[in-house]
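Source file: model-v2.tsv (TSV, C-alpha atoms)
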chain	number	residue	atom	x	y	z
A	1309	MET	CA	44.02	0.93	41.58
A	1310	THR	CA	41.72	3.41	43.34
A	1311	ASP	CA	37.93	3.36	43.07
A	1312	GLU	CA	38.09	6.52	40.99
A	1313	GLN	CA	40.55	4.92	38.57
A	1314	THR	CA	38.44	1.78	38.37
A	1315	ALA	CA	35.29	3.75	37.54
A	1316	LYS	CA	37.13	5.35	34.64
A	1317	THR	CA	38.11	2.00	33.16
A	1318	VAL	CA	35.61	2.26	30.30
A	1319	ARG	CA	36.59	1.18	26.82
A	1320	HIS	CA	34.72	2.24	23.63
A	1321	ASP	CA	34.75	-0.35	20.84
A	1322	GLY	CA	32.84	1.60	18.20
A	1323	PRO	CA	29.37	3.14	18.18
A	1324	GLY	CA	26.89	1.55	20.52
A	1325	ILE	CA	29.39	-0.79	22.25
A	1326	ILE	CA	30.78	0.11	25.66
A	1327	LEU	CA	32.58	-2.38	27.86
A	1328	PHE	CA	32.84	-1.96	31.61
A	1329	SER	CA	35.42	-3.60	33.87
A	1330	HIS	CA	35.50	-3.72	37.68
A	1331	LEU	CA	32.86	-0.98	38.15
A	1332	ARG	CA	32.70	-0.37	41.93
A	1333	ASN	CA	30.79	2.88	42.30
A	1334	GLY	CA	27.43	1.24	42.97
A	1335	PRO	CA	24.11	0.75	41.18
A	1336	ARG	CA	23.37	4.45	40.66
A	1337	THR	CA	26.51	4.96	38.60
A	1338	CYS	CA	25.81	1.75	36.70
A	1339	LEU	CA	22.24	2.81	35.95
A	1340	ALA	CA	23.33	6.26	34.82
A	1341	LEU	CA	25.94	4.81	32.48
A	1342	PHE	CA	23.52	2.34	30.96
A	1343	PHE	CA	21.01	5.17	30.41
A	1344	PHE	CA	23.73	7.19	28.70
A	1345	VAL	CA	24.65	4.26	26.47
A	1346	ALA	CA	21.00	3.64	25.49
A	1347	LEU	CA	20.50	7.33	24.70
A	1348	PHE	CA	23.71	7.40	22.67
A	1349	GLN	CA	22.64	4.35	20.69
A	1350	LEU	CA	19.19	5.85	19.99
A	1351	ILE	CA	20.63	9.16	18.80
A	1352	PHE	CA	23.29	7.45	16.71
A	1353	THR	CA	20.81	5.02	15.13
A	1354	SER	CA	18.21	7.71	14.41
A	1355	SER	CA	20.84	9.99	12.85
A	1356	ALA	CA	22.22	7.19	10.71
A	1357	TRP	CA	18.75	6.15	9.53
A	1358	SER	CA	17.70	9.73	8.79
A	1359	ALA	CA	20.71	10.09	6.52
A	1360	GLU	CA	19.47	7.18	4.41
A	1361	PRO	CA	16.78	7.82	1.75
A	1362	LEU	CA	13.41	6.24	2.36
A	1363	ARG	CA	12.83	3.51	-0.22
A	1364	MET	CA	9.29	3.42	-1.57
A	1365	SER	CA	7.86	0.77	-3.91
A	1366	VAL	CA	5.02	2.35	-5.91
A	1367	SER	CA	2.35	0.61	-7.96
A	1368	LYS	CA	2.20	1.88	-11.54
A	1369	THR	CA	-1.42	3.04	-11.58
A	1370	PRO	CA	-3.48	6.25	-11.66
A	1371	LEU	CA	-4.03	5.66	-7.93
A	1372	SER	CA	-0.39	6.67	-7.35
A	1373	LEU	CA	-0.84	10.16	-8.83
A	1374	PRO	CA	-0.14	12.06	-5.55
A	1375	ILE	CA	3.26	10.35	-5.34
A	1376	TYR	CA	4.02	11.15	-8.98
A	1377	ILE	CA	3.13	14.81	-8.41
A	1378	ALA	CA	5.12	15.13	-5.17
A	1379	ASP	CA	8.11	13.64	-6.99
A	1380	SER	CA	7.75	15.68	-10.20
A	1381	MET	CA	7.05	18.99	-8.44
A	1382	GLY	CA	9.85	18.61	-5.91
A	1383	PHE	CA	7.55	18.46	-2.88
A	1384	PHE	CA	9.56	15.67	-1.26
A	1385	SER	CA	12.85	17.56	-1.52
A	1386	SER	CA	11.31	20.87	-0.40
A	1387	GLU	CA	10.10	19.09	2.75
A	1388	GLY	CA	13.70	18.01	3.36
A	1389	LEU	CA	13.03	14.36	2.56
A	1390	GLN	CA	15.35	12.05	0.69
A	1391	ILE	CA	13.37	9.35	-1.10
A	1392	LYS	CA	14.12	6.63	-3.60
A	1393	ILE	CA	11.14	5.49	-5.67
A	1394	SER	CA	10.88	2.20	-7.53
A	1395	GLU	CA	7.84	1.02	-9.48
A	1396	ALA	CA	6.08	-2.32	-9.81
A	1397	ILE	CA	2.85	-3.48	-11.46
A	1398	GLY	CA	0.34	-4.00	-8.67
A	1399	GLY	CA	0.18	-3.46	-4.94
A	1400	HIS	CA	0.57	-7.21	-4.40
A	1401	ARG	CA	4.10	-6.85	-5.79
A	1402	THR	CA	5.00	-3.62	-3.98
A	1403	LEU	CA	4.09	-5.11	-0.61
A	1404	GLN	CA	6.24	-8.14	-1.36
A	1405	GLU	CA	9.13	-5.77	-2.04
A	1406	LEU	CA	8.58	-4.29	1.42
A	1407	LEU	CA	8.38	-7.67	3.13
A	1408	ALA	CA	11.51	-8.84	1.31
A	1409	GLY	CA	13.45	-5.90	2.75
A	1410	ASN	CA	13.82	-4.10	-0.58
A	1411	ALA	CA	11.60	-1.16	0.42
A	1412	ASP	CA	10.65	0.76	3.55
A	1413	LEU	CA	7.26	1.79	2.17
A	1414	ALA	CA	4.80	0.40	-0.35
A	1415	THR	CA	1.49	1.39	-1.93
A	1416	SER	CA	-1.18	-1.30	-1.64
A	1417	SER	CA	-4.93	-1.80	-1.60
A	1418	ASP	CA	-6.80	-2.78	1.54
A	1419	ALA	CA	-7.29	-6.32	0.19
A	1420	VAL	CA	-3.55	-6.84	-0.25
A	1421	VAL	CA	-2.99	-5.56	3.30
A	1422	MET	CA	-5.58	-8.08	4.52
A	1423	PHE	CA	-4.31	-11.13	2.61
A	1424	ASN	CA	-0.71	-10.62	3.72
A	1425	SER	CA	-1.68	-10.01	7.34
A	1426	PHE	CA	-2.17	-13.76	7.78
A	1427	GLN	CA	1.50	-14.29	6.93
A	1428	SER	CA	3.25	-11.25	8.41
A	1429	SER	CA	2.75	-8.61	11.10
A	1430	ASN	CA	5.77	-6.54	10.06
A	1431	TYR	CA	3.92	-3.64	8.45
A	1432	ALA	CA	1.26	-1.02	9.12
A	1433	VAL	CA	-0.82	1.45	7.12
A	1434	ILE	CA	0.20	5.04	7.88
A	1435	ALA	CA	-2.38	6.65	5.56
A	1436	THR	CA	-4.95	6.05	2.87
A	1437	PHE	CA	-4.28	8.54	0.07
A	1438	VAL	CA	-6.96	7.71	-2.52
A	1439	THR	CA	-10.24	5.81	-2.75
A	1440	SER	CA	-12.30	4.64	-5.73
A	1441	ASP	CA	-15.43	2.59	-6.37
A	1442	ASP	CA	-14.68	2.35	-10.10
A	1443	ASP	CA	-11.03	1.41	-10.50
A	1444	ILE	CA	-11.61	-2.34	-10.97
A	1445	LYS	CA	-13.64	-3.53	-13.95
A	1446	ILE	CA	-14.80	-6.75	-15.57
A	1447	ILE	CA	-13.78	-7.04	-19.24
A	1448	THR	CA	-15.29	-9.87	-21.31
A	1449	ARG	CA	-15.17	-11.20	-24.82
A	1450	SER	CA	-18.37	-10.44	-26.73
A	1451	ASP	CA	-18.62	-14.02	-28.03
A	1452	THR	CA	-19.10	-15.40	-24.50
A	1453	GLY	CA	-22.62	-14.06	-23.99
A	1454	ILE	CA	-21.57	-12.41	-20.73
A	1455	THR	CA	-23.50	-9.17	-20.35
A	1456	GLN	CA	-24.34	-9.26	-16.63
A	1457	PRO	CA	-22.33	-10.33	-13.55
A	1458	ARG	CA	-24.50	-13.42	-13.00
A	1459	HIS	CA	-23.42	-14.69	-16.44
A	1460	LEU	CA	-19.90	-15.20	-15.04
A	1461	GLN	CA	-21.04	-18.38	-13.28
A	1462	GLY	CA	-19.36	-21.43	-14.78
A	1463	LYS	CA	-17.03	-19.25	-16.88
A	1464	HIS	CA	-13.24	-19.00	-16.93
A	1465	VAL	CA	-12.28	-15.68	-15.32
A	1466	GLY	CA	-8.80	-14.24	-14.87
A	1467	THR	CA	-7.97	-12.31	-11.72
A	1468	VAL	CA	-4.95	-11.52	-9.55
A	1469	ALA	CA	-5.29	-13.89	-6.59
A	1470	GLY	CA	-4.81	-12.24	-3.22
A	1471	SER	CA	-5.61	-8.79	-4.53
A	1472	ALA	CA	-8.52	-6.34	-4.63
A	1473	THR	CA	-9.66	-7.78	-7.98
A	1474	HIS	CA	-10.25	-11.16	-6.34
A	1475	TYR	CA	-12.38	-9.63	-3.59
A	1476	TYR	CA	-14.29	-7.41	-6.04
A	1477	LEU	CA	-15.16	-10.35	-8.30
A	1478	ASP	CA	-16.61	-12.39	-5.43
A	1479	MET	CA	-18.58	-9.44	-4.01
A	1480	LEU	CA	-19.98	-8.65	-7.46
A	1481	LEU	CA	-21.20	-12.21	-7.96
A	1482	LEU	CA	-22.77	-12.35	-4.49
A	1483	LEU	CA	-24.54	-9.04	-5.04
A	1484	HIS	CA	-26.15	-10.38	-8.22
A	1485	GLY	CA	-27.14	-13.75	-6.78
A	1486	GLY	CA	-24.21	-15.69	-8.22
A	1487	ASP	CA	-22.03	-18.29	-6.56
A	1488	PRO	CA	-18.34	-17.32	-6.57
A	1489	ARG	CA	-17.35	-20.98	-6.24
A	1490	SER	CA	-18.96	-21.74	-9.60
A	1491	VAL	CA	-16.41	-19.55	-11.40
A	1492	GLN	CA	-13.29	-21.23	-12.76
A	1493	LEU	CA	-10.61	-18.80	-11.57
A	1494	HIS	CA	-7.32	-18.28	-13.38
A	1495	ASN	CA	-4.59	-16.55	-11.39
A	1496	LEU	CA	-3.11	-14.14	-13.93
A	1497	GLN	CA	-0.77	-11.19	-13.66
A	1498	PRO	CA	-2.19	-7.93	-15.08
A	1499	GLU	CA	0.20	-7.82	-18.02
A	1500	ALA	CA	-0.88	-11.34	-19.14
A	1501	MET	CA	-4.62	-10.66	-19.26
A	1502	ALA	CA	-4.90	-9.17	-22.75
A	1503	ASP	CA	-3.20	-12.19	-24.32
A	1504	ALA	CA	-5.34	-14.58	-22.25
A	1505	LEU	CA	-8.47	-12.96	-23.70
A	1506	LYS	CA	-7.06	-12.91	-27.24
A	1507	GLN	CA	-6.15	-16.60	-27.06
A	1508	LYS	CA	-9.52	-17.45	-25.48
A	1509	LYS	CA	-7.89	-18.95	-22.40
A	1510	VAL	CA	-10.38	-16.99	-20.31
A	1511	ASP	CA	-13.86	-15.60	-20.96
A	1512	ALA	CA	-13.42	-12.51	-18.79
A	1513	VAL	CA	-10.92	-10.74	-16.53
A	1514	ALA	CA	-11.26	-8.64	-13.38
A	1515	ILE	CA	-8.52	-6.03	-13.29
A	1516	TRP	CA	-7.64	-2.48	-12.27
A	1517	GLU	CA	-6.80	0.53	-14.42
A	1518	PRO	CA	-5.07	1.16	-16.74
A	1519	TYR	CA	-5.56	-2.43	-17.96
A	1520	PRO	CA	-9.32	-2.26	-18.69
A	1521	PHE	CA	-8.69	0.75	-20.93
A	1522	THR	CA	-5.74	-0.82	-22.78
A	1523	ILE	CA	-7.51	-4.19	-23.20
A	1524	LEU	CA	-10.60	-2.56	-24.70
A	1525	LYS	CA	-8.36	-0.76	-27.20
A	1526	SER	CA	-6.03	-3.66	-28.05
A	1527	VAL	CA	-8.26	-6.76	-27.98
A	1528	PRO	CA	-10.99	-6.77	-30.64
A	1529	GLY	CA	-14.44	-7.87	-29.52
A	1530	THR	CA	-14.06	-7.01	-25.84
A	1531	ARG	CA	-16.53	-5.08	-23.74
A	1532	MET	CA	-16.94	-3.91	-20.17
A	1533	LEU	CA	-19.66	-4.96	-17.74
A	1534	PRO	CA	-21.75	-2.17	-16.17
A	1535	LYS	CA	-20.24	-0.27	-13.24
A	1536	SER	CA	-21.00	-1.57	-9.77
A	1537	ASN	CA	-20.66	0.18	-6.40
A	1538	VAL	CA	-20.22	-3.11	-4.54
A	1539	TYR	CA	-16.73	-2.22	-3.30
A	1540	ARG	CA	-14.87	1.00	-2.50
A	1541	LEU	CA	-11.16	0.35	-2.87
A	1542	SER	CA	-8.73	2.23	-0.64
A	1543	PHE	CA	-5.14	2.64	-1.73
A	1544	ASN	CA	-2.75	2.97	1.17
A	1545	LEU	CA	0.74	3.91	2.15
A	1546	VAL	CA	2.19	0.97	4.06
A	1547	ALA	CA	5.36	1.18	6.17
A	1548	HIS	CA	7.61	-1.56	7.50
A	1549	LYS	CA	7.43	-1.59	11.30
A	1550	ARG	CA	11.21	-1.35	11.60
A	1551	ILE	CA	10.98	2.38	10.68
A	1552	LEU	CA	7.97	3.24	12.83
A	1553	GLY	CA	8.93	5.49	15.73
A	1554	VAL	CA	12.53	5.64	14.49
A	1555	ARG	CA	11.75	7.64	11.33
A	1556	ASP	CA	8.45	9.31	12.20
A	1557	ASN	CA	9.88	12.75	11.35
A	1558	ASP	CA	10.57	11.54	7.81
A	1559	LEU	CA	7.11	9.99	7.58
A	1560	VAL	CA	5.62	13.34	8.58
A	1561	LYS	CA	7.59	15.02	5.77
A	1562	LEU	CA	6.34	12.37	3.36
A	1563	LEU	CA	2.70	12.90	4.30
A	1564	ARG	CA	3.07	16.68	4.11
A	1565	ALA	CA	4.40	16.30	0.57
A	1566	LEU	CA	1.46	14.05	-0.38
A	1567	ASP	CA	-0.98	16.51	1.20
A	1568	ARG	CA	0.49	19.27	-0.96
A	1569	ALA	CA	0.21	16.99	-4.01
A	1570	GLU	CA	-3.47	16.33	-3.36
A	1571	GLN	CA	-4.13	20.05	-3.07
A	1572	PHE	CA	-2.26	20.46	-6.37
A	1573	ILE	CA	-4.61	17.94	-8.03
A	1574	LYS	CA	-7.62	20.01	-6.95
A	1575	LEU	CA	-6.18	23.40	-7.85
A	1576	LYS	CA	-4.30	22.51	-11.05
A	1577	PRO	CA	-6.06	19.52	-12.62
A	1578	ALA	CA	-4.72	20.13	-16.14
A	1579	HIS	CA	-1.13	20.09	-14.89
A	1580	ALA	CA	-1.85	17.02	-12.75
A	1581	MET	CA	-3.32	15.24	-15.79
A	1582	SER	CA	-0.16	16.02	-17.76
A	1583	ILE	CA	2.04	14.51	-15.02
A	1584	LEU	CA	-0.09	11.36	-14.92
A	1585	ARG	CA	-0.02	10.98	-18.70
A	1586	ASN	CA	3.77	11.30	-18.77
A	1587	ARG	CA	4.35	8.87	-15.90
A	1588	LEU	CA	2.06	6.14	-17.26
A	1589	GLN	CA	2.97	6.80	-20.91
A	1590	LEU	CA	-0.66	6.69	-22.03
A	1591	ASP	CA	-2.63	9.07	-24.20
A	1592	GLN	CA	-4.95	11.87	-23.15
A	1593	SER	CA	-8.07	9.85	-23.89
A	1594	PHE	CA	-7.11	7.52	-21.05
A	1595	ILE	CA	-6.68	10.45	-18.66
A	1596	TYR	CA	-10.18	11.74	-19.49
A	1597	TRP	CA	-11.49	8.15	-19.11
A	1598	ILE	CA	-10.27	7.71	-15.54
A	1599	TRP	CA	-10.14	11.23	-14.12
A	1600	PRO	CA	-13.56	11.39	-12.38
A	1601	ARG	CA	-13.12	7.94	-10.80
A	1602	TYR	CA	-10.73	8.82	-7.95
A	1603	ASN	CA	-10.97	10.72	-4.67
A	1604	TYR	CA	-7.46	11.81	-3.69
A	1605	ARG	CA	-7.54	12.54	0.03
A	1606	LEU	CA	-5.34	11.62	2.98
A	1607	SER	CA	-7.19	9.76	5.71
A	1608	LEU	CA	-7.26	6.98	8.24
A	1609	ASP	CA	-10.98	6.22	8.34
A	1610	GLN	CA	-12.86	3.79	10.52
A	1611	SER	CA	-14.12	2.33	7.24
A	1612	LEU	CA	-10.59	1.05	6.53
A	1613	LEU	CA	-10.68	-0.97	9.72
A	1614	THR	CA	-14.16	-2.39	9.08
A	1615	THR	CA	-13.24	-3.20	5.46
A	1616	LEU	CA	-10.14	-5.15	6.55
A	1617	GLU	CA	-12.20	-7.06	9.10
A	1618	GLY	CA	-14.94	-7.85	6.57
A	1619	GLU	CA	-12.45	-8.95	3.92
A	1620	ALA	CA	-10.75	-11.25	6.42
A	1621	ARG	CA	-14.07	-12.90	7.31
A	1622	TRP	CA	-14.78	-13.42	3.60
A	1623	ALA	CA	-11.31	-14.86	2.92
A	1624	ARG	CA	-11.64	-17.36	5.77
A	1625	HIS	CA	-15.23	-18.31	4.92
A	1626	GLU	CA	-14.41	-18.92	1.26
A	1627	GLY	CA	-11.31	-20.96	2.08
A	1628	HIS	CA	-8.81	-18.49	0.62
A	1629	ILE	CA	-7.19	-18.32	4.06
A	1630	LYS	CA	-6.74	-21.41	6.22
A	1631	GLN	CA	-6.29	-19.73	9.61
A	1632	GLU	CA	-9.18	-19.96	12.03
A	1633	PHE	CA	-8.91	-16.42	13.42
A	1634	SER	CA	-8.24	-13.01	11.91
A	1635	PRO	CA	-5.53	-10.64	13.14
A	1636	ASN	CA	-6.38	-7.54	15.14
A	1637	TYR	CA	-6.22	-4.92	12.40
A	1638	LEU	CA	-5.62	-2.11	14.86
A	1639	ASP	CA	-2.11	-3.58	14.98
A	1640	TYR	CA	-1.82	-2.85	11.24
A	1641	ILE	CA	-2.64	0.85	11.47
A	1642	TYR	CA	-0.17	3.48	12.73
A	1643	THR	CA	-1.67	6.93	13.24
A	1644	ALA	CA	1.21	8.95	14.73
A	1645	PRO	CA	2.61	10.60	11.54
A	1646	LEU	CA	-0.79	11.56	10.09
A	1647	ASN	CA	-1.83	12.85	13.51
A	1648	ARG	CA	0.99	15.40	13.22
A	1649	VAL	CA	-0.01	16.41	9.68
A	1650	ARG	CA	-3.81	16.23	9.50
A	1651	PRO	CA	-5.28	15.01	12.81
A	1652	GLY	CA	-8.80	15.87	11.69
A	1653	LEU	CA	-8.57	13.20	8.97
A	1654	ILE	CA	-8.24	10.34	11.46
A	1655	SER	CA	-11.46	8.62	12.56
A	1656	ILE	CA	-10.03	5.26	13.69
A	1657	ILE	CA	-11.56	4.22	17.01
A	1658	ARG	CA	-9.14	2.36	19.28
Show me the file's structure as structure tokens.
Amino acid sequence: MTDEQTAKTVRHDGPGIILFSHLRNGPRTCLALFFFVALFQLIFTSSAWSAEPLRMSVSKTPLSLPIYIADSMGFFSSEGLQIKISEAIGGHRTLQELLAGNADLATSSDAVVMFNSFQSSNYAVIATFVTSDDDIKIITRSDTGITQPRHLQGKHVGTVAGSATHYYLDMLLLLHGGDPRSVQLHNLQPEAMADALKQKKVDAVAIWEPYPFTILKSVPGTRMLPKSNVYRLSFNLVAHKRILGVRDNDLVKLLRALDRAEQFIKLKPAHAMSILRNRLQLDQSFIYWIWPRYNYRLSLDQSLLTTLEGEARWARHEGHIKQEFSPNYLDYIYTAPLNRVRPGLISIIR
């Protein structure tokens, strides 16, 4: 067999697999062939992934309105994006769907991002799409005598452990001179809180909308503690790291659709309210109740980074996390897609 014949002895065993035998044309030929194979694999993999819909797990909350609008108004499809949306109650559940491999993207609060960072480094925030300092509320029974945050000391309080409600409750107590460790915490899921109050298993609950509204309507003798600005919640779009770089073009399309949705909220609020009411299956009085409480705006602010760092220090200090050191949260933020859509909305300092 001649050298030329030997060099042509290349067998293809399906996409991405090339076997060489008796290659005698030297290192340059070998290097060129390996480069070709790597390029072929990258193109093949990217094409195959792009053909698959992005799977997004979305928390069923008013915070998710830009996603509801982009879906209802066809903004995703008009950007050329295939997307499959599933819903769950709470960002703590959506992020678990992502980590379990059931979703490529999830919507979660900063606190959920922080708590899970001590267990996994397989995800990153690609954008914040809404903030609020009045989404989480404390609802109490009127027969408990709780009228101020400091009255929560020594009481039984329901909250979703490892979520923004947990962080908010502690910060609220500290702000008003209370000791968070004096509270008898009950880890409850949002849908169980109304019954826990009715059955007097807890004296109060800390929970996000729409549950404060529905509890006040459905549980007689409940009331809400005064609003506090102790914590500004950010709600974020989180991506699994396996799609970063590989599907950035699709992530750009996704963020463009959400940007259009947020402009829609500003320009057509009545229509946006109607979409939210239909998606959450709640009445118009709820929409009026929550409407002024949210700032829908794409961003990656430095405040997200400092909030994650501060929450991690709190979680370690209070014993909610056993690790001695916090992660580097720059590793949990991926700016490339938003930089292609709205670079002026990125203020993260690296």
For this session: Select, from A:Leu1590, A:Leu1575, A:Val1538, A:Met1364, the residue with the minimum atom-to-atom distance to Thr1522 in chain A, counting all atoms listed in the file.
Result: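 Closest candidate: A:Leu1590.
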For this session: Using all atoms listed in the file, pick whichever of A:Arg1449, A:Arg1363, A:Arg1568, A:Lys1392 has the shortest atom-to-atom distance to Met1501 in chain A.
Result: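 So, comparing all the options, the nearest one is A:Arg1449.
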Problem set entry | Pairwise distance for CA of Phe1572 in chain A and CA of Thr1369 in chain A, rounded to one decimal in Å | 18.2 Å
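Counting only C-alpha atoms, the residue from A:Ile1595, A:Phe1521, A:Ala1435, A:Ser1471 that sits nearest to Pro1645 in chain A is A:Ala1435.
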Problem set entry | Residue nearest Thr1615 in chain A - candidates A:Ser1542, A:Ser1593, A:Ser1490, A:Ser1582, atoms counted: only C-alpha atoms | A:Ser1542
For this session: Rank nothing, just name the residue among A:Ile1523, A:Ile1551, A:Leu1559, A:Ala1578 nearest to Ala1411 in chain A, using only C-alpha atoms.
Result: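 Closest to Ala1411 in chain A of all the choices is A:Ile1551.
Distances from A:Tyr1519, A:Trp1599, A:Tyr1475, A:Tyr1376 to Ala1502 in chain A were compared using all atoms listed in the file, and the smallest one belongs to A:Tyr1519.
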Problem set entry | Spatial neighbours of range 1602-1607 of chain A, max dist 9 Å, only C-alpha atoms, sep filter under 6 positions, as a PyMOL selection string | chain A and resi 1370-1371+1373-1374+1435-1443+1563+1566-1567+1570-1571+1573-1574+1646+1650+1652-1655
Problem set entry | Exercise: Leu1545 in chain A partners within 7 Å, all atoms listed in the file, chain neighbours under 6 positions left out, as JSON, numbers by chain | {"A": [1413, 1414, 1415, 1416, 1433, 1434, 1435, 1436]}
For this session: For CA of Asp1609 in chain A and CA of Leu1482 in chain A, quote the distance in Å rounded to one decimal.
Result: 25.5 Å
For this session: Please indicate the distance in Å from CA of Lys1549 in chain A to CA of Arg1658 in chain A, rounded to one decimal place.
Result: 18.8 Å
For this session: Do a neighbour search on Ile1657 in chain A at 12 Å with all atoms listed in the file, toss out local chain neighbours closer than 5 positions, and write the hits as a ChimeraX atom specification.
Result: /A:1608-1614,1637-1638,1641,1643
For this session: May I have the residues within 8 Å of Leu1505 in chain A as an MDAnalysis selection string, using all atoms listed in the file and disregarding those fewer than 4 positions away in the same chain?
Result: chainID A and resid 1448:1449 1501 1509:1513 1527
Could you take the residues named above and write them with C-alpha atoms, as a short mmCIF file (atom, residue, chain, number, x, y, z; two decimals), in the frame of the given file?
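Result file part.cif:
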data_model
loop_
_atom_site.label_atom_id
_atom_site.label_comp_id
_atom_site.auth_asym_id
_atom_site.auth_seq_id
_atom_site.Cartn_x
_atom_site.Cartn_y
_atom_site.Cartn_z
CA THR A 1448 -15.29 -9.87 -21.31
CA ARG A 1449 -15.17 -11.20 -24.82
CA MET A 1501 -4.62 -10.66 -19.26
CA LYS A 1509 -7.89 -18.95 -22.40
CA VAL A 1510 -10.38 -16.99 -20.31
CA ASP A 1511 -13.86 -15.60 -20.96
CA ALA A 1512 -13.42 -12.51 -18.79
CA VAL A 1513 -10.92 -10.74 -16.53
CA VAL A 1527 -8.26 -6.76 -27.98
#
